[in-house]
Amino acid sequence: MESLLKLIALFLALFFGFMLVLRLYATIRSRRMHGRSFHRLKDGVVYFYSERCGACRLMKPEVEKLKEKIKVLEVDVFTEEGSKLAKEYGIMATPTTLVVRGGIIKRAFVGVVKAERILQEAISND
């Protein structure tokens, strides 16, 4: 019984370690998008999501708040067009939110982020 518990603990540690590394990798890749042009939106937010994603369901109310203030382009990565766009920009995880100003990606967020934080980036003058 003790060896089974050790095996389960090892599995959980490896699983959560892998998930942490995967998230870190997705975050680093998202930073590489800064400065790239985005041809489908001049100013606003691009929100990559999936209907099957639990974190995306948590992010939905935040996206609705954003829609009240700025233009939001929602991209479902499980559609053909959304999948192509996600591949083009190297989107590795959902939800991913891009802040676009002047047709240039200024910031990328991976995971659930409050609308206020995204809006602050979208309207800042830097």
# chains A, B, ... in the order shown; residues from 1 in each chain; ligands from 1
$ residues_around --residues "segment 43-45 of chain A" --least-positions-apart "4" --cutoff "7 Å" --atoms "only C-alpha atoms" --output "JSON, numbers by chain"
{"A": [70, 71, 72, 73, 97, 98, 99, 100, 101, 102, 103, 122]}
$ residues_around --residues "Tyr89 of chain A" --least-positions-apart "4" --cutoff "9 Å" --atoms "only C-alpha atoms" --output "ChimeraX atom specification"
/A:30,33,36,38,84-85
$ residues_around --residues "Glu64 of chain A" --least-positions-apart "2" --cutoff "12 Å" --atoms "only C-alpha atoms" --output "list in words"
Val45, Tyr47, Arg57, Leu58, Met59, Lys60, Pro61, Glu62, Leu66, Lys67, Glu68, Lys69, Ile70, Lys71, Val72, Leu73, Glu74, Lys114, Ala115 and Glu116 of chain A
$ write_last_selection --atoms "N, CA and C atoms" --output "tab-separated table (two decimals), in the first residue's frame"
chain	number	residue	atom	x	y	z
A	45	VAL	N	-8.63	43.69	-29.06
A	45	VAL	CA	-8.17	42.48	-28.40
A	45	VAL	C	-8.57	41.28	-29.24
A	47	TYR	N	-9.01	37.26	-28.88
A	47	TYR	CA	-9.19	36.26	-27.82
A	47	TYR	C	-9.28	34.88	-28.46
A	57	ARG	N	-13.98	29.03	-20.20
A	57	ARG	CA	-15.31	29.30	-19.63
A	57	ARG	C	-15.19	30.29	-18.46
A	58	LEU	N	-14.10	30.19	-17.69
A	58	LEU	CA	-13.87	31.16	-16.61
A	58	LEU	C	-13.56	32.55	-17.17
A	59	MET	N	-12.94	32.59	-18.33
A	59	MET	CA	-12.53	33.85	-18.95
A	59	MET	C	-13.70	34.56	-19.65
A	60	LYS	N	-14.74	33.83	-19.99
A	60	LYS	CA	-15.86	34.38	-20.77
A	60	LYS	C	-16.45	35.65	-20.16
A	61	PRO	N	-16.74	35.71	-18.85
A	61	PRO	CA	-17.28	36.97	-18.29
A	61	PRO	C	-16.31	38.15	-18.45
A	62	GLU	N	-15.03	37.87	-18.38
A	62	GLU	CA	-14.03	38.94	-18.56
A	62	GLU	C	-14.05	39.45	-20.00
A	66	LEU	N	-14.83	43.21	-21.56
A	66	LEU	CA	-13.98	43.88	-22.55
A	66	LEU	C	-14.79	44.38	-23.74
A	67	LYS	N	-15.75	43.57	-24.18
A	67	LYS	CA	-16.58	43.92	-25.35
A	67	LYS	C	-17.35	45.22	-25.14
A	68	GLU	N	-17.62	45.56	-23.88
A	68	GLU	CA	-18.33	46.80	-23.58
A	68	GLU	C	-17.46	48.02	-23.82
A	69	LYS	N	-16.14	47.84	-23.77
A	69	LYS	CA	-15.22	48.98	-23.84
A	69	LYS	C	-14.42	49.06	-25.14
A	70	ILE	N	-14.01	47.91	-25.70
A	70	ILE	CA	-13.17	47.90	-26.90
A	70	ILE	C	-13.61	46.77	-27.84
A	71	LYS	N	-13.07	46.80	-29.04
A	71	LYS	CA	-13.38	45.76	-30.02
A	71	LYS	C	-12.65	44.47	-29.63
A	72	VAL	N	-13.39	43.36	-29.66
A	72	VAL	CA	-12.83	42.05	-29.32
A	72	VAL	C	-13.11	41.09	-30.48
A	73	LEU	N	-12.06	40.52	-31.01
A	73	LEU	CA	-12.17	39.49	-32.04
A	73	LEU	C	-12.00	38.15	-31.35
A	74	GLU	N	-13.06	37.34	-31.34
A	74	GLU	CA	-13.01	36.03	-30.69
A	74	GLU	C	-12.69	34.97	-31.74
A	114	LYS	N	-7.91	39.11	-15.71
A	114	LYS	CA	-9.00	40.06	-15.45
A	114	LYS	C	-9.11	41.06	-16.60
A	115	ALA	N	-10.32	41.45	-16.90
A	115	ALA	CA	-10.59	42.41	-17.98
A	115	ALA	C	-9.88	43.74	-17.73
A	116	GLU	N	-9.82	44.16	-16.48
A	116	GLU	CA	-9.19	45.43	-16.15
A	116	GLU	C	-7.71	45.44	-16.54
$ select_by_dssp --residues "segment 16-125 of chain A" --states "strand (DSSP E or B)" --output "VMD selection string"
chain A and resid 37 44 to 49 72 to 76 96 to 101 104 to 110
$ residues_around --residues "Ser83 of chain A" --least-positions-apart "4" --cutoff "12 Å" --atoms "only C-alpha atoms" --output "list of chain:residue names"
A:Phe48, A:Tyr49, A:Ser50, A:Val75, A:Asp76, A:Val77, A:Phe78, A:Thr79, A:Lys87, A:Glu88, A:Tyr89, A:Gly90, A:Ile91, A:Met92, A:Ala93, A:Thr94
$ closest_residue --among "A:Met1, A:Gly82, A:Lys65, A:Val21" --to "Leu119 of chain A" --atoms "only C-alpha atoms"
A:Lys65
$ closest_residue --among "A:Arg40, A:Ser124, A:Leu24, A:Glu51" --to "Gly111 of chain A" --atoms "only C-alpha atoms"
A:Leu24
$ select_by_dssp --residues "segment 30-105 of chain A" --states "helix (DSSP H, G or I)" --output "list in words"
Ser30, Arg31, Gly54, Ala55, Cys56, Arg57, Leu58, Met59, Lys60, Pro61, Glu62, Val63, Glu64, Lys65, Leu66, Lys67, Glu68, Lys69, Glu80, Glu81, Gly82, Ser83, Lys84, Leu85, Ala86, Lys87, Glu88 and Tyr89 of chain A
$ write_last_selection --atoms "N, CA and C atoms" --output "JSON list (two decimals), in the first residue's frame"
[["chain", "number", "residue", "atom", "x", "y", "z"],
["A", 30, "SER", "N", 4.50, 33.24, -26.32],
["A", 30, "SER", "CA", 3.59, 34.37, -26.51],
["A", 30, "SER", "C", 4.35, 35.69, -26.49],
["A", 31, "ARG", "N", 5.43, 35.76, -25.73],
["A", 31, "ARG", "CA", 6.23, 36.99, -25.71],
["A", 31, "ARG", "C", 6.90, 37.25, -27.04],
["A", 54, "GLY", "N", -11.95, 24.58, -19.91],
["A", 54, "GLY", "CA", -12.50, 25.06, -18.65],
["A", 54, "GLY", "C", -12.05, 26.46, -18.30],
["A", 55, "ALA", "N", -10.78, 26.75, -18.52],
["A", 55, "ALA", "CA", -10.26, 28.10, -18.24],
["A", 55, "ALA", "C", -10.92, 29.13, -19.16],
["A", 56, "CYS", "N", -11.24, 28.73, -20.38],
["A", 56, "CYS", "CA", -11.91, 29.65, -21.31],
["A", 56, "CYS", "C", -13.31, 29.99, -20.81],
["A", 57, "ARG", "N", -13.98, 29.03, -20.20],
["A", 57, "ARG", "CA", -15.31, 29.30, -19.63],
["A", 57, "ARG", "C", -15.19, 30.29, -18.46],
["A", 58, "LEU", "N", -14.10, 30.19, -17.69],
["A", 58, "LEU", "CA", -13.87, 31.16, -16.61],
["A", 58, "LEU", "C", -13.56, 32.55, -17.17],
["A", 59, "MET", "N", -12.94, 32.59, -18.33],
["A", 59, "MET", "CA", -12.53, 33.85, -18.95],
["A", 59, "MET", "C", -13.70, 34.56, -19.65],
["A", 60, "LYS", "N", -14.74, 33.83, -19.99],
["A", 60, "LYS", "CA", -15.86, 34.38, -20.77],
["A", 60, "LYS", "C", -16.45, 35.65, -20.16],
["A", 61, "PRO", "N", -16.74, 35.71, -18.85],
["A", 61, "PRO", "CA", -17.28, 36.97, -18.29],
["A", 61, "PRO", "C", -16.31, 38.15, -18.45],
["A", 62, "GLU", "N", -15.03, 37.87, -18.38],
["A", 62, "GLU", "CA", -14.03, 38.94, -18.56],
["A", 62, "GLU", "C", -14.05, 39.45, -20.00],
["A", 63, "VAL", "N", -14.21, 38.55, -20.94],
["A", 63, "VAL", "CA", -14.28, 38.92, -22.35],
["A", 63, "VAL", "C", -15.53, 39.77, -22.60],
["A", 64, "GLU", "N", -16.63, 39.41, -21.97],
["A", 64, "GLU", "CA", -17.87, 40.19, -22.11],
["A", 64, "GLU", "C", -17.67, 41.61, -21.58],
["A", 65, "LYS", "N", -16.94, 41.77, -20.47],
["A", 65, "LYS", "CA", -16.64, 43.10, -19.95],
["A", 65, "LYS", "C", -15.79, 43.89, -20.94],
["A", 66, "LEU", "N", -14.83, 43.21, -21.56],
["A", 66, "LEU", "CA", -13.98, 43.88, -22.55],
["A", 66, "LEU", "C", -14.79, 44.38, -23.74],
["A", 67, "LYS", "N", -15.75, 43.57, -24.18],
["A", 67, "LYS", "CA", -16.58, 43.92, -25.35],
["A", 67, "LYS", "C", -17.35, 45.22, -25.14],
["A", 68, "GLU", "N", -17.62, 45.56, -23.88],
["A", 68, "GLU", "CA", -18.33, 46.80, -23.58],
["A", 68, "GLU", "C", -17.46, 48.02, -23.82],
["A", 69, "LYS", "N", -16.14, 47.84, -23.77],
["A", 69, "LYS", "CA", -15.22, 48.98, -23.84],
["A", 69, "LYS", "C", -14.42, 49.06, -25.14],
["A", 80, "GLU", "N", -11.89, 25.68, -38.53],
["A", 80, "GLU", "CA", -10.81, 25.62, -39.53],
["A", 80, "GLU", "C", -10.06, 26.94, -39.61],
["A", 81, "GLU", "N", -10.79, 28.04, -39.69],
["A", 81, "GLU", "CA", -10.17, 29.36, -39.78],
["A", 81, "GLU", "C", -9.41, 29.70, -38.50],
["A", 82, "GLY", "N", -10.01, 29.40, -37.34],
["A", 82, "GLY", "CA", -9.37, 29.67, -36.07],
["A", 82, "GLY", "C", -8.10, 28.87, -35.86],
["A", 83, "SER", "N", -8.12, 27.62, -36.31],
["A", 83, "SER", "CA", -6.94, 26.76, -36.21],
["A", 83, "SER", "C", -5.79, 27.32, -37.05],
["A", 84, "LYS", "N", -6.11, 27.77, -38.25],
["A", 84, "LYS", "CA", -5.07, 28.35, -39.13],
["A", 84, "LYS", "C", -4.48, 29.61, -38.50],
["A", 85, "LEU", "N", -5.34, 30.45, -37.96],
["A", 85, "LEU", "CA", -4.87, 31.69, -37.34],
["A", 85, "LEU", "C", -4.01, 31.40, -36.11],
["A", 86, "ALA", "N", -4.43, 30.43, -35.30],
["A", 86, "ALA", "CA", -3.65, 30.05, -34.11],
["A", 86, "ALA", "C", -2.28, 29.52, -34.51],
["A", 87, "LYS", "N", -2.21, 28.71, -35.55],
["A", 87, "LYS", "CA", -0.93, 28.19, -36.03],
["A", 87, "LYS", "C", -0.05, 29.31, -36.57],
["A", 88, "GLU", "N", -0.67, 30.24, -37.29],
["A", 88, "GLU", "CA", 0.09, 31.35, -37.87],
["A", 88, "GLU", "C", 0.77, 32.19, -36.80],
["A", 89, "TYR", "N", 0.11, 32.36, -35.66],
["A", 89, "TYR", "CA", 0.67, 33.19, -34.59],
["A", 89, "TYR", "C", 1.29, 32.38, -33.46]]
$ atom_distance --atom1 "atom CA of Val110 of chain A" --atom2 "atom CA of Phe16 of chain A"
17.4 Å
